[in-house]
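**Q** Handing you a structure now.
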Amino acid sequence: VEVKLGANISLLSDFELVEKSGADHIGLYRTEFPFLARERFPSEEEQVTLYRRILEAANGKEVTIRTLDIGGDKFLSYLDYPREDNPYLGWRSIRVSLELRNVFRTQIRAILRASALGPLRILSPMISSVKEIKDILKILQEEKMHLQEKGISFDPTIKIGILLEVPAAVIILEKLIKHVDFISVGTNDLVQFVLAVDRNNQKVAPLYNPLHPAVISTIADVVSVCKKMKKPVVVCGEAAANPKCAYLYLGMGVDQMSMNAPSVPIIKQLIRHVTQVDAKEALRSVLAMDDAEEIEVFVDTIISTGSKEVQ
C-alpha cells in the first residue's frame with residue numbers, strides 16, 4: 001500500500017527541512033505569511049514571483065497552495081477588523097476573501113499564472129456551505145477567462161479543493177464534494193470545533209485531543225464519504241504528525257497525509273513497520289471505545305510493541 005506524505009510550509013526557507021524529510025509533495029503552503037510580513041496587500045506581481053519561487057524550490061513536487069487564511073489568531077496590521085468576542089468563529093479565512101473580492105481575485109490570478117510553471121493545486125480554508133464553493137468557482141472561472149483574453153499562460157485543469165475544518169461541512173460533505181476535486185481534512189481547527197476547545201487557551205488545552213472518540217468517528221466518516229464519491233482525501237495538520245492518529249488514519253484507508261516537515265520521517269518509519277490490515281482491525285476496536293485515554297493506551301501498546309494481534 002502506497003502512502004504519500006506531504007510537508008506543510010510557510011516560508012521558502014522551509015524547503016531545507018522539506019528536502020531532509022523526504023516529503024513526497026508540499027501538502028500545504030500557507031500564503032498568509034507574505035501578507036502578514038508586509039504593511040499592505042502584496043501586489044499580483046509580488047505574489048506571482050513568490051508562488052513561482054515556491055514551485056521552483058519544490059523541484060517538480062506538487063504544491064497545494066492554501067488561499068489567504070487570516071483572522072482567528074492571525075491579523076493583518078493594515079486591515080480594519082471588526083471587534084469580535086469570538087474571533088475563531090468570526091470574520092476569518094474564506095469569509096474574508098469572499099468579502100474582499102478584489103484582494104481574492106488578485107491572489108487567484110497570481111496562483112493561476114504561477115501554475116504554468118509546475119504542478120499546483122488550490123485549497124480554500126474554512127468552507128461551510130455550497131454557496132461559498134460556487135462563489136469561489138465563479139471567481140476562478142472569470143479569472144481564467146481574463147487571463148485567456150490576455151494570452152497569459154496557466155494550467156487550465158488546475159484542481160481545487162476545500163479544507164474541511166467546520167463540522168457543518170462534514171455533515172453536508174456529499175453536497176460539497178460534488179463541486180471540488182479533492183478534500184483536505186484540517187485537523188487543527190476541526191478538532192477544536194468538534195470538541196469546542198480553544199487549543200491556545202491553557203485553561204482548557206488539555207481537553208484538546210485528536211484521539212477523542214468524536215474526532216476519530218468524524219474523520220472516519222469524512223474518509224468514507226470521499227472514498228464512496230471517489231475523491232482524493234488528505235489528512236493534514238498536527239494530528240497527522242501524531243503516530244497514534246496516523247495509525248488510525250491508515251486503518252481508515254487514508255493514503256495521503258501532510259504535516260510539519262520534521263515529522264515526515266517519524267510517520268514514514270511507522271508506516272514501514274505496520275500493515276493496513278492490522279490498522280483496520282485496530283480502528284474497529286477503537287470506534288467501540290468510550291474515551292480518548294482508553295484509545296491512546298490501546299493504540300500506543302500496538303505501536304510500541306509492534307504486536308499484530310488486536311483483541
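Residues are named by chain letter and number: chains run A, B, ... in the order of the C-alpha cells, numbers start at 1 in each chain, and ligands are numbered from 1 in the order shown.
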Neighbours of Cys226 in chain A within 9 Å (only C-alpha atoms; same-chain residues fewer than 3 positions away dropped), as an NGL selection string?
**A** :A and (173-174 or 177 or 182-183 or 221-223 or 229-233)
**Q** Write out as a PyMOL selection string the residues lying within 9 Å of range 2-18 of chain A, counting only C-alpha atoms and excluding same-chain residues fewer than 6 positions away.
**A** chain A and resi 24-34+50+53-54+57-58+236-237+250+254-264+267-268+271
**Q** Quick one: distance from CA of Gln148 in chain A to CA of Ala116 in chain A in Å, one decimal?
**A**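 That distance, rounded to one decimal, is 12.5 Å.
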**Q** Rounded to one decimal place, report the CA of Ser224 in chain A-CA of Asp291 in chain A distance in Å.
**A**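 Computing the Euclidean distance for CA of Ser224 in chain A and CA of Asp291 in chain A yields 22.0 Å.
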**Q** From a DSSP pass on the backbone, collect the residues of range 6-63 of chain A flagged as strand (DSSP E or B) and hand them back as an MDAnalysis selection string.
**A** chainID A and resid 6:9 25:30 63
**Q** Store the residues picked out above, limited to N, CA and C atoms, as a short mmCIF file (atom, residue, chain, number, x, y, z; two decimals), in the first residue's frame.
**A**
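Final output, saved to out29.cif:
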data_model
loop_
_atom_site.label_atom_id
_atom_site.label_comp_id
_atom_site.auth_asym_id
_atom_site.auth_seq_id
_atom_site.Cartn_x
_atom_site.Cartn_y
_atom_site.Cartn_z
N GLY A 6 3.14 14.48 2.71
CA GLY A 6 3.50 15.82 2.30
C GLY A 6 3.97 16.66 3.46
N ALA A 7 4.64 17.77 3.15
CA ALA A 7 5.11 18.71 4.17
C ALA A 7 4.30 19.99 4.10
N ASN A 8 3.99 20.55 5.26
CA ASN A 8 3.33 21.85 5.35
C ASN A 8 4.39 22.92 5.54
N ILE A 9 4.30 23.99 4.74
CA ILE A 9 5.33 25.03 4.82
C ILE A 9 4.70 26.42 4.91
N HIS A 25 5.58 15.67 -1.44
CA HIS A 25 4.98 16.85 -2.04
C HIS A 25 4.79 17.92 -0.97
N ILE A 26 4.35 19.09 -1.39
CA ILE A 26 4.01 20.16 -0.45
C ILE A 26 2.50 20.09 -0.24
N GLY A 27 2.12 19.56 0.89
CA GLY A 27 0.69 19.34 1.15
C GLY A 27 -0.06 20.60 1.48
N LEU A 28 0.68 21.64 1.93
CA LEU A 28 0.04 22.90 2.29
C LEU A 28 1.08 24.02 2.31
N TYR A 29 0.88 25.02 1.46
CA TYR A 29 1.68 26.24 1.54
C TYR A 29 0.77 27.34 2.05
N ARG A 30 1.13 27.91 3.21
CA ARG A 30 0.30 28.93 3.86
C ARG A 30 0.62 30.30 3.26
N VAL A 63 2.52 21.11 -5.42
CA VAL A 63 2.35 22.10 -4.36
C VAL A 63 0.86 22.43 -4.22
#
**Q** Which residues in range 72-287 of chain A does DSSP call helix (DSSP H, G or I)? List them as a PDB file with C-alpha atoms, in the first residue's frame.
**A**
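Below you can see selection.pdb, which holds the result:
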ATOM      1  CA  PRO A  87     -12.615  35.677  16.508  1.00  0.00           C
ATOM      2  CA  TYR A  88     -12.123  31.962  15.777  1.00  0.00           C
ATOM      3  CA  LEU A  89     -15.829  31.813  14.936  1.00  0.00           C
ATOM      4  CA  ILE A  94     -12.634  32.295   3.203  1.00  0.00           C
ATOM      5  CA  ARG A  95     -15.144  34.719   4.756  1.00  0.00           C
ATOM      6  CA  VAL A  96     -12.575  37.496   4.497  1.00  0.00           C
ATOM      7  CA  SER A  97     -11.593  36.525   0.943  1.00  0.00           C
ATOM      8  CA  LEU A  98     -15.174  36.448  -0.328  1.00  0.00           C
ATOM      9  CA  GLU A  99     -15.862  39.857   1.192  1.00  0.00           C
ATOM     10  CA  ARG A 101     -13.244  40.200  -3.605  1.00  0.00           C
ATOM     11  CA  ASN A 102     -10.578  42.328  -5.304  1.00  0.00           C
ATOM     12  CA  VAL A 103      -7.895  41.006  -2.934  1.00  0.00           C
ATOM     13  CA  PHE A 104      -9.098  37.434  -3.523  1.00  0.00           C
ATOM     14  CA  ARG A 105      -9.214  37.874  -7.312  1.00  0.00           C
ATOM     15  CA  THR A 106      -5.647  39.179  -7.261  1.00  0.00           C
ATOM     16  CA  GLN A 107      -4.489  36.107  -5.357  1.00  0.00           C
ATOM     17  CA  ILE A 108      -6.376  33.710  -7.645  1.00  0.00           C
ATOM     18  CA  ARG A 109      -4.856  35.362 -10.747  1.00  0.00           C
ATOM     19  CA  ALA A 110      -1.381  35.130  -9.226  1.00  0.00           C
ATOM     20  CA  ILE A 111      -1.837  31.434  -8.410  1.00  0.00           C
ATOM     21  CA  LEU A 112      -3.151  30.718 -11.912  1.00  0.00           C
ATOM     22  CA  ARG A 113      -0.211  32.497 -13.530  1.00  0.00           C
ATOM     23  CA  ALA A 114       2.244  30.557 -11.371  1.00  0.00           C
ATOM     24  CA  SER A 115       0.521  27.264 -12.266  1.00  0.00           C
ATOM     25  CA  ALA A 116       2.057  27.433 -15.758  1.00  0.00           C
ATOM     26  CA  LEU A 117       5.398  26.616 -14.121  1.00  0.00           C
ATOM     27  CA  VAL A 130     -22.062  25.061  -1.138  1.00  0.00           C
ATOM     28  CA  LYS A 131     -22.593  28.754  -1.909  1.00  0.00           C
ATOM     29  CA  GLU A 132     -19.038  29.553  -0.836  1.00  0.00           C
ATOM     30  CA  ILE A 133     -17.664  26.928  -3.218  1.00  0.00           C
ATOM     31  CA  LYS A 134     -19.837  28.196  -6.076  1.00  0.00           C
ATOM     32  CA  ASP A 135     -18.635  31.744  -5.428  1.00  0.00           C
ATOM     33  CA  ILE A 136     -15.007  30.590  -5.494  1.00  0.00           C
ATOM     34  CA  LEU A 137     -15.505  28.587  -8.687  1.00  0.00           C
ATOM     35  CA  LYS A 138     -17.205  31.552 -10.358  1.00  0.00           C
ATOM     36  CA  ILE A 139     -14.279  33.816  -9.496  1.00  0.00           C
ATOM     37  CA  LEU A 140     -11.807  31.146 -10.640  1.00  0.00           C
ATOM     38  CA  GLN A 141     -13.583  30.756 -13.984  1.00  0.00           C
ATOM     39  CA  GLU A 142     -13.782  34.515 -14.536  1.00  0.00           C
ATOM     40  CA  GLU A 143     -10.084  34.958 -13.825  1.00  0.00           C
ATOM     41  CA  LYS A 144      -9.229  32.082 -16.163  1.00  0.00           C
ATOM     42  CA  MET A 145     -11.162  33.835 -18.925  1.00  0.00           C
ATOM     43  CA  HIS A 146      -9.456  37.122 -18.059  1.00  0.00           C
ATOM     44  CA  LEU A 147      -6.018  35.529 -18.464  1.00  0.00           C
ATOM     45  CA  GLN A 148      -7.029  33.726 -21.669  1.00  0.00           C
ATOM     46  CA  GLU A 149      -8.144  37.006 -23.209  1.00  0.00           C
ATOM     47  CA  PRO A 167     -18.417  20.348  11.490  1.00  0.00           C
ATOM     48  CA  ALA A 168     -21.183  21.753   9.259  1.00  0.00           C
ATOM     49  CA  ALA A 169     -19.058  20.906   6.220  1.00  0.00           C
ATOM     50  CA  VAL A 170     -18.661  17.338   7.454  1.00  0.00           C
ATOM     51  CA  ILE A 171     -22.431  16.950   7.722  1.00  0.00           C
ATOM     52  CA  LEU A 173     -19.901  16.745   2.661  1.00  0.00           C
ATOM     53  CA  GLU A 174     -21.783  14.764  -0.001  1.00  0.00           C
ATOM     54  CA  LYS A 175     -23.220  18.064  -1.269  1.00  0.00           C
ATOM     55  CA  LEU A 176     -19.890  19.911  -1.132  1.00  0.00           C
ATOM     56  CA  ILE A 177     -17.720  17.221  -2.654  1.00  0.00           C
ATOM     57  CA  LYS A 178     -19.557  17.270  -5.984  1.00  0.00           C
ATOM     58  CA  HIS A 179     -18.081  20.687  -6.741  1.00  0.00           C
ATOM     59  CA  THR A 187      -7.306  18.605  11.815  1.00  0.00           C
ATOM     60  CA  ASN A 188      -6.048  21.599  13.820  1.00  0.00           C
ATOM     61  CA  ASP A 189      -9.305  23.529  13.548  1.00  0.00           C
ATOM     62  CA  LEU A 190     -11.603  20.541  13.084  1.00  0.00           C
ATOM     63  CA  VAL A 191     -10.561  19.070  16.445  1.00  0.00           C
ATOM     64  CA  GLN A 192     -11.137  22.330  18.315  1.00  0.00           C
ATOM     65  CA  PHE A 193     -14.506  22.902  16.633  1.00  0.00           C
ATOM     66  CA  VAL A 194     -15.732  19.340  17.244  1.00  0.00           C
ATOM     67  CA  LEU A 195     -14.666  19.499  20.906  1.00  0.00           C
ATOM     68  CA  ALA A 205      -5.917  22.980  26.234  1.00  0.00           C
ATOM     69  CA  PRO A 206      -5.675  19.540  27.934  1.00  0.00           C
ATOM     70  CA  LEU A 207      -9.180  18.824  26.596  1.00  0.00           C
ATOM     71  CA  PRO A 213     -13.888   9.250  20.012  1.00  0.00           C
ATOM     72  CA  ALA A 214     -15.949  12.034  18.396  1.00  0.00           C
ATOM     73  CA  VAL A 215     -12.943  13.236  16.404  1.00  0.00           C
ATOM     74  CA  ILE A 216     -11.958   9.742  15.268  1.00  0.00           C
ATOM     75  CA  SER A 217     -15.538   8.996  14.197  1.00  0.00           C
ATOM     76  CA  THR A 218     -15.847  12.327  12.383  1.00  0.00           C
ATOM     77  CA  ILE A 219     -12.683  11.822  10.331  1.00  0.00           C
ATOM     78  CA  ALA A 220     -13.615   8.191   9.609  1.00  0.00           C
ATOM     79  CA  ASP A 221     -16.961   9.420   8.240  1.00  0.00           C
ATOM     80  CA  VAL A 222     -15.199  12.005   6.044  1.00  0.00           C
ATOM     81  CA  VAL A 223     -12.841   9.387   4.591  1.00  0.00           C
ATOM     82  CA  SER A 224     -15.774   7.036   3.969  1.00  0.00           C
ATOM     83  CA  VAL A 225     -17.697   9.690   2.016  1.00  0.00           C
ATOM     84  CA  CYS A 226     -14.619  10.621  -0.024  1.00  0.00           C
ATOM     85  CA  LYS A 227     -13.996   7.004  -0.946  1.00  0.00           C
ATOM     86  CA  LYS A 228     -17.655   6.485  -1.856  1.00  0.00           C
ATOM     87  CA  GLU A 238      -0.726  18.238  13.789  1.00  0.00           C
ATOM     88  CA  ALA A 239      -2.850  15.113  14.199  1.00  0.00           C
ATOM     89  CA  ALA A 240      -1.292  13.593  11.055  1.00  0.00           C
ATOM     90  CA  ALA A 241       2.109  14.013  12.746  1.00  0.00           C
ATOM     91  CA  PRO A 243       1.866   8.337  15.216  1.00  0.00           C
ATOM     92  CA  LYS A 244      -1.187   7.093  17.126  1.00  0.00           C
ATOM     93  CA  CYS A 245      -3.527   9.184  14.997  1.00  0.00           C
ATOM     94  CA  ALA A 246      -1.659   8.362  11.780  1.00  0.00           C
ATOM     95  CA  TYR A 247      -2.027   4.650  12.534  1.00  0.00           C
ATOM     96  CA  LEU A 248      -5.795   5.012  12.796  1.00  0.00           C
ATOM     97  CA  TYR A 249      -5.910   7.084   9.596  1.00  0.00           C
ATOM     98  CA  LEU A 250      -4.154   4.199   7.850  1.00  0.00           C
ATOM     99  CA  GLY A 251      -6.923   1.970   9.162  1.00  0.00           C
ATOM    100  CA  MET A 252      -9.481   4.310   7.595  1.00  0.00           C
ATOM    101  CA  ALA A 261       8.420  18.500   7.689  1.00  0.00           C
ATOM    102  CA  PRO A 262      10.362  17.155  10.742  1.00  0.00           C
ATOM    103  CA  SER A 263       7.525  14.691  11.449  1.00  0.00           C
ATOM    104  CA  VAL A 264       7.601  13.105   7.982  1.00  0.00           C
ATOM    105  CA  PRO A 265      10.448  10.618   8.762  1.00  0.00           C
ATOM    106  CA  ILE A 266       8.704   9.595  12.008  1.00  0.00           C
ATOM    107  CA  ILE A 267       5.458   8.758  10.227  1.00  0.00           C
ATOM    108  CA  LYS A 268       7.375   7.071   7.394  1.00  0.00           C
ATOM    109  CA  GLN A 269       9.049   4.829   9.941  1.00  0.00           C
ATOM    110  CA  LEU A 270       5.660   3.953  11.428  1.00  0.00           C
ATOM    111  CA  ILE A 271       4.113   3.114   8.048  1.00  0.00           C
ATOM    112  CA  ARG A 272       7.000   0.833   7.108  1.00  0.00           C
ATOM    113  CA  GLN A 276      -3.092  -1.741   6.815  1.00  0.00           C
ATOM    114  CA  VAL A 277      -4.998  -4.899   7.731  1.00  0.00           C
ATOM    115  CA  ASP A 278      -3.890  -4.587  11.358  1.00  0.00           C
ATOM    116  CA  ALA A 279      -4.645  -0.858  11.371  1.00  0.00           C
ATOM    117  CA  LYS A 280      -8.177  -1.550  10.134  1.00  0.00           C
ATOM    118  CA  GLU A 281      -8.708  -4.085  12.924  1.00  0.00           C
ATOM    119  CA  ALA A 282      -7.403  -1.590  15.466  1.00  0.00           C
ATOM    120  CA  LEU A 283      -9.730   1.102  14.107  1.00  0.00           C
ATOM    121  CA  ARG A 284     -12.733  -1.216  14.500  1.00  0.00           C
ATOM    122  CA  SER A 285     -11.826  -1.721  18.148  1.00  0.00           C
ATOM    123  CA  VAL A 286     -11.215   1.996  18.703  1.00  0.00           C
TER     124      VAL A 286
END
**Q** Can you measure CA of Glu62 in chain A to CA of Leu123 in chain A for me? One decimal in Å is fine.
**A**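 Taking CA of Glu62 in chain A and CA of Leu123 in chain A, their separation equals 12.8 Å.
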**Q** Counting only C-alpha atoms, figure out which residue out of A:Asp80, A:Asp181, A:Asp73, A:Asp300 gets nearest to Asn242 in chain A.
**A**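 Under the stated criterion, the closest residue is A:Asp300.
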**Q** Got a sec: who's within 9 Å of Gly72 in chain A, counting only C-alpha atoms, leaving out chain neighbours fewer than 2 positions off, as a PyMOL selection string?
**A** chain A and resi 70+74-75+86-93
